[in-house]
$ cat model_32.tsv   # TSV, C-alpha atoms
chain	number	residue	atom	x	y	z
E	1	MET	CA	-91.39	23.68	76.34
E	2	SER	CA	-94.20	22.77	78.71
E	3	GLN	CA	-97.45	21.14	77.64
E	4	THR	CA	-99.36	24.36	78.18
E	5	GLU	CA	-97.18	26.42	75.84
E	6	ILE	CA	-98.30	27.31	72.33
E	7	LYS	CA	-95.80	25.99	69.82
E	8	ASN	CA	-96.66	27.88	66.61
E	9	VAL	CA	-95.30	31.35	65.90
E	10	VAL	CA	-96.11	33.43	62.82
E	11	LEU	CA	-93.85	36.45	62.16
E	12	VAL	CA	-95.09	39.45	60.14
E	13	HIS	CA	-92.65	42.10	58.85
E	14	GLY	CA	-93.35	45.80	58.44
E	15	GLY	CA	-92.95	48.37	55.68
E	16	PHE	CA	-89.74	48.95	53.65
E	17	VAL	CA	-88.39	45.48	54.57
E	18	ASP	CA	-89.17	41.81	53.92
E	19	GLY	CA	-89.35	38.76	56.14
E	20	SER	CA	-85.62	37.92	56.00
E	21	GLY	CA	-84.90	40.34	58.85
E	22	TRP	CA	-86.59	37.86	61.19
E	23	GLU	CA	-83.81	35.29	60.69
E	24	GLY	CA	-82.16	35.86	64.07
E	25	VAL	CA	-85.47	35.63	65.94
E	26	TYR	CA	-86.47	32.60	63.84
E	27	LYS	CA	-83.27	30.70	64.70
E	28	ILE	CA	-83.69	31.26	68.45
E	29	LEU	CA	-87.34	30.17	68.43
E	30	LYS	CA	-86.57	27.08	66.31
E	31	LYS	CA	-83.75	26.11	68.66
E	32	ASP	CA	-86.21	26.43	71.56
E	33	GLY	CA	-88.65	24.02	69.92
E	34	TYR	CA	-91.16	26.32	68.23
E	35	THR	CA	-92.63	25.90	64.76
E	36	VAL	CA	-92.03	29.23	63.05
E	37	ALA	CA	-93.47	30.64	59.83
E	38	VAL	CA	-92.34	33.93	58.29
E	39	VAL	CA	-94.97	35.76	56.23
E	40	GLN	CA	-93.77	37.56	53.08
E	41	ASN	CA	-96.30	40.36	52.66
E	42	PRO	CA	-96.21	42.41	49.45
E	43	THR	CA	-97.19	45.54	51.50
E	44	VAL	CA	-99.26	46.89	48.60
E	45	SER	CA	-102.57	46.99	50.50
E	46	LEU	CA	-103.61	46.14	54.05
E	47	GLY	CA	-106.38	43.83	52.82
E	48	ASP	CA	-103.90	41.83	50.74
E	49	ASP	CA	-101.43	41.55	53.59
E	50	VAL	CA	-104.14	40.40	56.01
E	51	ALA	CA	-105.21	37.72	53.50
E	52	THR	CA	-101.60	36.59	52.99
E	53	THR	CA	-101.06	36.41	56.76
E	54	LYS	CA	-104.30	34.46	57.28
E	55	ARG	CA	-103.17	31.87	54.71
E	56	THR	CA	-100.01	31.33	56.75
E	57	ILE	CA	-102.05	31.06	59.97
E	58	ALA	CA	-104.29	28.47	58.30
E	59	ASN	CA	-101.24	26.31	57.55
E	60	GLN	CA	-100.28	26.03	61.24
E	61	ASN	CA	-101.18	22.96	63.22
E	62	GLY	CA	-102.88	24.37	66.33
E	63	PRO	CA	-103.02	27.74	68.10
E	64	VAL	CA	-100.71	30.53	66.99
E	65	ILE	CA	-98.82	33.45	68.52
E	66	LEU	CA	-98.99	36.20	65.88
E	67	VAL	CA	-96.10	38.68	65.88
E	68	GLY	CA	-95.93	41.98	63.99
E	69	HIS	CA	-93.17	44.55	63.59
E	70	SER	CA	-93.99	48.20	62.75
E	71	TYR	CA	-96.68	48.23	59.99
E	72	GLY	CA	-96.97	44.47	60.65
E	73	GLY	CA	-98.76	45.53	63.83
E	74	ALA	CA	-101.64	46.86	61.74
E	75	VAL	CA	-101.70	43.57	59.82
E	76	ILE	CA	-101.86	41.43	62.99
E	77	THR	CA	-104.47	43.75	64.54
E	78	GLU	CA	-106.84	42.71	61.73
E	79	ALA	CA	-105.57	39.18	60.95
E	80	GLY	CA	-105.43	38.37	64.68
E	81	ASN	CA	-109.20	37.93	64.73
E	82	ASP	CA	-108.58	34.52	63.16
E	83	PRO	CA	-109.80	31.88	65.65
E	84	LYS	CA	-106.41	30.11	65.57
E	85	VAL	CA	-104.64	33.18	66.99
E	86	ALA	CA	-104.23	32.86	70.77
E	87	GLY	CA	-102.09	35.93	71.41
E	88	LEU	CA	-100.54	38.97	69.72
E	89	VAL	CA	-97.00	40.31	70.05
E	90	TYR	CA	-96.30	43.86	68.89
E	91	VAL	CA	-92.64	44.65	68.22
E	92	ALA	CA	-92.17	48.45	67.98
E	93	ALA	CA	-95.43	48.24	66.10
E	94	PHE	CA	-98.61	50.09	65.25
E	95	ALA	CA	-101.64	48.85	67.20
E	96	PRO	CA	-104.51	50.72	65.53
E	97	ASP	CA	-108.04	50.90	66.90
E	98	LYS	CA	-111.23	50.41	64.86
E	99	GLY	CA	-111.32	52.81	61.90
E	100	GLU	CA	-107.66	53.84	62.35
E	101	SER	CA	-104.83	53.25	59.88
E	102	VAL	CA	-101.09	53.79	59.91
E	103	SER	CA	-101.76	57.05	58.03
E	104	THR	CA	-104.07	58.38	60.74
E	105	LEU	CA	-101.66	57.32	63.50
E	106	ILE	CA	-98.71	59.19	61.96
E	107	ALA	CA	-100.71	62.21	60.72
E	108	ASN	CA	-99.87	64.66	63.52
E	109	PRO	CA	-96.46	63.97	65.04
E	110	PRO	CA	-95.87	65.79	68.34
E	111	PRO	CA	-93.43	68.73	68.26
E	112	GLY	CA	-89.84	67.54	68.49
E	113	ALA	CA	-90.63	63.94	67.49
E	114	PRO	CA	-88.23	62.50	64.91
E	115	VAL	CA	-89.74	62.53	61.43
E	116	PRO	CA	-88.97	59.42	59.37
E	117	PRO	CA	-87.11	60.32	56.14
E	118	ILE	CA	-89.92	59.14	53.84
E	119	LEU	CA	-89.50	60.33	50.25
E	120	PRO	CA	-92.47	61.67	48.24
E	121	PRO	CA	-94.54	58.79	46.81
E	122	GLN	CA	-93.54	57.33	43.43
E	123	ASP	CA	-96.47	55.72	41.58
E	124	GLY	CA	-98.25	55.20	44.91
E	125	TYR	CA	-95.25	53.70	46.73
E	126	LEU	CA	-93.01	55.01	49.49
E	127	PHE	CA	-89.29	54.59	50.17
E	128	LEU	CA	-87.03	55.91	52.90
E	129	ASP	CA	-84.08	58.08	51.92
E	130	LYS	CA	-81.26	55.50	51.59
E	131	ALA	CA	-78.65	57.79	53.14
E	132	LYS	CA	-80.81	58.41	56.20
E	133	PHE	CA	-82.23	54.89	56.50
E	134	PRO	CA	-79.55	53.46	58.85
E	135	ALA	CA	-79.84	56.28	61.43
E	136	SER	CA	-83.63	56.42	61.44
E	137	PHE	CA	-84.60	52.76	61.04
E	138	ALA	CA	-81.59	50.73	62.14
E	139	GLY	CA	-79.52	52.80	64.56
E	140	ASP	CA	-78.15	49.82	66.51
E	141	VAL	CA	-77.73	47.43	63.57
E	142	GLU	CA	-74.26	46.58	62.16
E	143	PRO	CA	-73.46	49.26	59.53
E	144	ASP	CA	-73.07	46.69	56.70
E	145	THR	CA	-76.43	45.13	57.52
E	146	ALA	CA	-78.13	48.52	57.85
E	147	ALA	CA	-76.74	49.55	54.45
E	148	PHE	CA	-78.03	46.32	52.92
E	149	MET	CA	-81.47	46.96	54.43
E	150	ALA	CA	-81.45	50.49	52.96
E	151	ASP	CA	-80.43	49.23	49.51
E	152	SER	CA	-82.92	46.33	49.48
E	153	GLN	CA	-86.00	48.31	50.50
E	154	VAL	CA	-89.41	46.95	49.59
E	155	PRO	CA	-91.71	49.65	48.16
E	156	TRP	CA	-94.47	50.36	50.68
E	157	GLY	CA	-97.86	51.01	49.12
E	158	VAL	CA	-99.66	54.20	50.13
E	159	GLU	CA	-102.80	52.04	50.10
E	160	ALA	CA	-101.30	49.79	52.79
E	161	LEU	CA	-100.78	52.80	55.05
E	162	SER	CA	-104.35	53.99	54.54
E	163	GLY	CA	-105.97	50.59	55.13
E	164	THR	CA	-108.28	50.88	58.16
E	165	ILE	CA	-108.96	48.32	60.88
E	166	SER	CA	-112.48	46.86	60.98
E	167	GLN	CA	-112.15	45.03	64.29
E	168	PRO	CA	-109.00	45.27	66.45
E	169	ALA	CA	-107.99	41.79	67.63
E	170	TRP	CA	-106.38	43.24	70.78
E	171	LYS	CA	-109.87	43.91	72.14
E	172	THR	CA	-110.50	40.15	72.43
E	173	LYS	CA	-107.00	38.59	72.52
E	174	PRO	CA	-104.17	38.99	75.04
E	175	SER	CA	-101.26	41.06	73.74
E	176	TRP	CA	-97.62	41.78	74.53
E	177	TYR	CA	-95.67	44.83	73.37
E	178	LEU	CA	-91.93	45.33	72.96
E	179	LEU	CA	-91.35	49.09	73.26
E	180	THR	CA	-88.14	50.48	71.75
E	181	THR	CA	-86.92	53.51	73.69
E	182	GLU	CA	-84.46	54.73	70.99
E	183	ASP	CA	-86.97	54.48	68.11
E	184	LYS	CA	-86.70	57.17	65.40
E	185	MET	CA	-89.55	55.75	63.27
E	186	ILE	CA	-92.41	55.30	65.76
E	187	PRO	CA	-91.83	57.63	68.74
E	188	PRO	CA	-91.62	55.78	72.09
E	189	ASP	CA	-94.50	57.92	73.41
E	190	ALA	CA	-96.71	56.76	70.53
E	191	GLN	CA	-95.73	53.16	71.32
E	192	ARG	CA	-96.57	53.79	74.98
E	193	PHE	CA	-100.00	55.18	74.08
E	194	MET	CA	-100.91	52.32	71.72
E	195	SER	CA	-99.67	49.54	74.03
E	196	LYS	CA	-101.52	51.01	77.02
E	197	ARG	CA	-104.72	51.38	75.01
E	198	ALA	CA	-104.46	47.77	73.87
E	199	GLY	CA	-103.92	46.60	77.47
E	200	SER	CA	-100.68	44.94	76.43
E	201	THR	CA	-98.03	43.51	78.73
E	202	VAL	CA	-95.15	45.89	77.95
E	203	VAL	CA	-91.41	45.27	77.94
E	204	GLU	CA	-89.12	48.23	77.22
E	205	VAL	CA	-85.83	47.68	75.42
E	206	LYS	CA	-83.12	50.23	74.66
E	207	ALA	CA	-83.10	49.67	70.92
E	208	SER	CA	-83.74	51.16	67.50
E	209	HIS	CA	-86.81	50.47	65.36
E	210	ALA	CA	-84.99	47.44	63.90
E	211	VAL	CA	-84.81	45.69	67.30
E	212	TYR	CA	-85.83	42.40	65.65
E	213	VAL	CA	-82.54	42.51	63.71
E	214	SER	CA	-80.27	44.07	66.36
E	215	GLN	CA	-81.57	42.30	69.48
E	216	PRO	CA	-83.27	39.08	68.36
E	217	GLN	CA	-82.92	37.50	71.81
E	218	ALA	CA	-85.02	40.23	73.48
E	219	VAL	CA	-87.70	39.77	70.82
E	220	ALA	CA	-87.66	35.96	71.07
E	221	ASP	CA	-87.86	36.16	74.88
E	222	LEU	CA	-91.07	38.20	74.70
E	223	ILE	CA	-92.58	35.87	72.08
E	224	GLU	CA	-91.84	32.87	74.33
E	225	LYS	CA	-93.34	34.70	77.29
E	226	ALA	CA	-96.46	35.31	75.19
E	227	ALA	CA	-96.59	31.63	74.16
E	228	GLY	CA	-96.69	30.63	77.82
E	229	GLY	CA	-99.02	33.46	78.86
E	230	ALA	CA	-101.58	32.99	76.08
E	231	ALA	CA	-101.77	29.25	76.80
E	232	ALA	CA	-102.43	29.99	80.47
E	233	LYS	CA	-105.36	32.24	79.48

$ encode --input "model_32.tsv" --output "structure tokens"
Amino acid sequence: MSQTEIKNVVLVHGGFVDGSGWEGVYKILKKDGYTVAVVQNPTVSLGDDVATTKRTIANQNGPVILVGHSYGGAVITEAGNDPKVAGLVYVAAFAPDKGESVSTLIANPPPGAPVPPILPPQDGYLFLDKAKFPASFAGDVEPDTAAFMADSQVPWGVEALSGTISQPAWKTKPSWYLLTTEDKMIPPDAQRFMSKRAGSTVVEVKASHAVYVSQPQAVADLIEKAAGGAAAK
């Protein structure tokens, strides 16, 4: 790692899952000399998750690359305004603009786009249909691991999906975007639109939505690229 690289990475998971899915990415980054923190967001409300993420950022010694997967992209879009954050990395993630939320971004799917198998809310929380979870969320993940992910789902609060962005960090911070071309949760075209709007440096990978589990090296490579690129800026 060169002197100009940023050494702190904070990883933010998305909805339906917890931070343990980052283990593969974490191990690669640690081996390469980075200090890595994994945020465990309750995903009950966006405000709560932003506060939880900011506490983790505050614990880092120096500038941070903030990484978000899926709904975690909404979290980093808001939390990324923290002065310690030097760059943002979106991994098959939502990158909402001011006043947008995950709910508004998924409200009108284009004809023919895959519809995630989200079950009707229970007490204000969402789950994916367990039987359909592997195909829609984790198409290129080992079947045993995908089944475990389906059976260990974290309830995703409807309030978290409707939380709106006050100030998108991508307007003032450099960003990178890993676009997953086989995604059945966030259509590739939606990822293309959001990453272009954010002015992100885009890398496309043939992967499912769970690319951080199935292809941790591709994810770690982009994070390391961001750590070098953000330092140069």

$ closest_residue --input "model_32.tsv" --among "E:Val38, E:Leu29, E:Val9, E:Leu161" --to "Pro121 of chain E" --atoms "only C-alpha atoms"
E:Leu161

$ atom_distance --input "model_32.tsv" --atom1 "atom CA of Ala93 of chain E" --atom2 "atom CA of Asp123 of chain E"
25.7 Å

$ residues_around --input "model_32.tsv" --residues "Lys184 of chain E" --least-positions-apart "6" --cutoff "12 Å" --atoms "only C-alpha atoms" --output "list in words"
Ser70, Ala92, Pro109, Gly112, Ala113, Pro114, Val115, Pro116, Pro117, Lys132, Phe133, Pro134, Ala135, Ser136, Phe137, Ala138, Gly139, Asp140, Ala190, Gln191, Ala207, Ser208, His209, Ala210 and Val211 of chain E

$ residues_around --input "model_32.tsv" --residues "Val91 of chain E" --least-positions-apart "5" --cutoff "7 Å" --atoms "only C-alpha atoms" --output "PyMOL selection string"
chain E and resi 68-70+177-179

$ residues_around --input "model_32.tsv" --residues "Asp48 of chain E" --least-positions-apart "6" --cutoff "12 Å" --atoms "all atoms listed in the file" --output "list in words"
Gln40, Asn41, Pro42, Lys54, Arg55, Val75, Glu78, Ala79, Gly157, Glu159, Ala160 and Gly163 of chain E

$ write_last_selection --input "model_32.tsv" --atoms "C-alpha atoms" --output "mmCIF file, keeping the file's coordinate frame"
data_model
loop_
_atom_site.group_PDB
_atom_site.id
_atom_site.type_symbol
_atom_site.label_atom_id
_atom_site.label_comp_id
_atom_site.auth_asym_id
_atom_site.auth_seq_id
_atom_site.Cartn_x
_atom_site.Cartn_y
_atom_site.Cartn_z
ATOM 1 C CA GLN E 40 -93.770 37.560 53.080
ATOM 2 C CA ASN E 41 -96.300 40.360 52.660
ATOM 3 C CA PRO E 42 -96.210 42.410 49.450
ATOM 4 C CA LYS E 54 -104.300 34.460 57.280
ATOM 5 C CA ARG E 55 -103.170 31.870 54.710
ATOM 6 C CA VAL E 75 -101.700 43.570 59.820
ATOM 7 C CA GLU E 78 -106.840 42.710 61.730
ATOM 8 C CA ALA E 79 -105.570 39.180 60.950
ATOM 9 C CA GLY E 157 -97.860 51.010 49.120
ATOM 10 C CA GLU E 159 -102.800 52.040 50.100
ATOM 11 C CA ALA E 160 -101.300 49.790 52.790
ATOM 12 C CA GLY E 163 -105.970 50.590 55.130
#

$ axis_aligned_box --input "model_32.tsv" --around "segment 40-56 of chain E" --padding-each-side "5 Å" --output "lines of an AutoDock Vina configuration file"
center_x = -100.1
center_y = 39.2
center_z = 52.9
size_x = 22.6
size_y = 25.7
size_z = 18.7

$ closest_residue --input "model_32.tsv" --among "E:Gly19, E:Pro187, E:Trp156, E:Ser200" --to "Pro111 of chain E" --atoms "all atoms listed in the file"
E:Pro187

$ closest_residue --input "model_32.tsv" --among "E:Asp189, E:Glu5, E:Asp82, E:Asp151" --to "Thr35 of chain E" --atoms "only C-alpha atoms"
E:Glu5

$ residues_around --input "model_32.tsv" --residues "Lys130 of chain E" --least-positions-apart "6" --cutoff "10 Å" --atoms "only C-alpha atoms" --output "PyMOL selection string"
chain E and resi 117-119+146-153

$ residues_around --input "model_32.tsv" --residues "Ile6 of chain E" --least-positions-apart "4" --cutoff "7 Å" --atoms "only C-alpha atoms" --output "ChimeraX atom specification"
/E:63-64,227-228,231

$ write_last_selection --input "model_32.tsv" --atoms "C-alpha atoms" --output "short mmCIF file (atom, residue, chain, number, x, y, z; two decimals), in the frame of the given file"
data_model
loop_
_atom_site.label_atom_id
_atom_site.label_comp_id
_atom_site.auth_asym_id
_atom_site.auth_seq_id
_atom_site.Cartn_x
_atom_site.Cartn_y
_atom_site.Cartn_z
CA PRO E 63 -103.02 27.74 68.10
CA VAL E 64 -100.71 30.53 66.99
CA ALA E 227 -96.59 31.63 74.16
CA GLY E 228 -96.69 30.63 77.82
CA ALA E 231 -101.77 29.25 76.80
#

$ atom_distance --input "model_32.tsv" --atom1 "atom CA of Pro143 of chain E" --atom2 "atom CA of Gln215 of chain E"
14.6 Å

$ closest_residue --input "model_32.tsv" --among "E:Val141, E:Phe16, E:Val67, E:Thr164" --to "Ser45 of chain E" --atoms "only C-alpha atoms"
E:Thr164

$ atom_distance --input "model_32.tsv" --atom1 "atom CA of Glu182 of chain E" --atom2 "atom CA of Lys27 of chain E"
24.9 Å
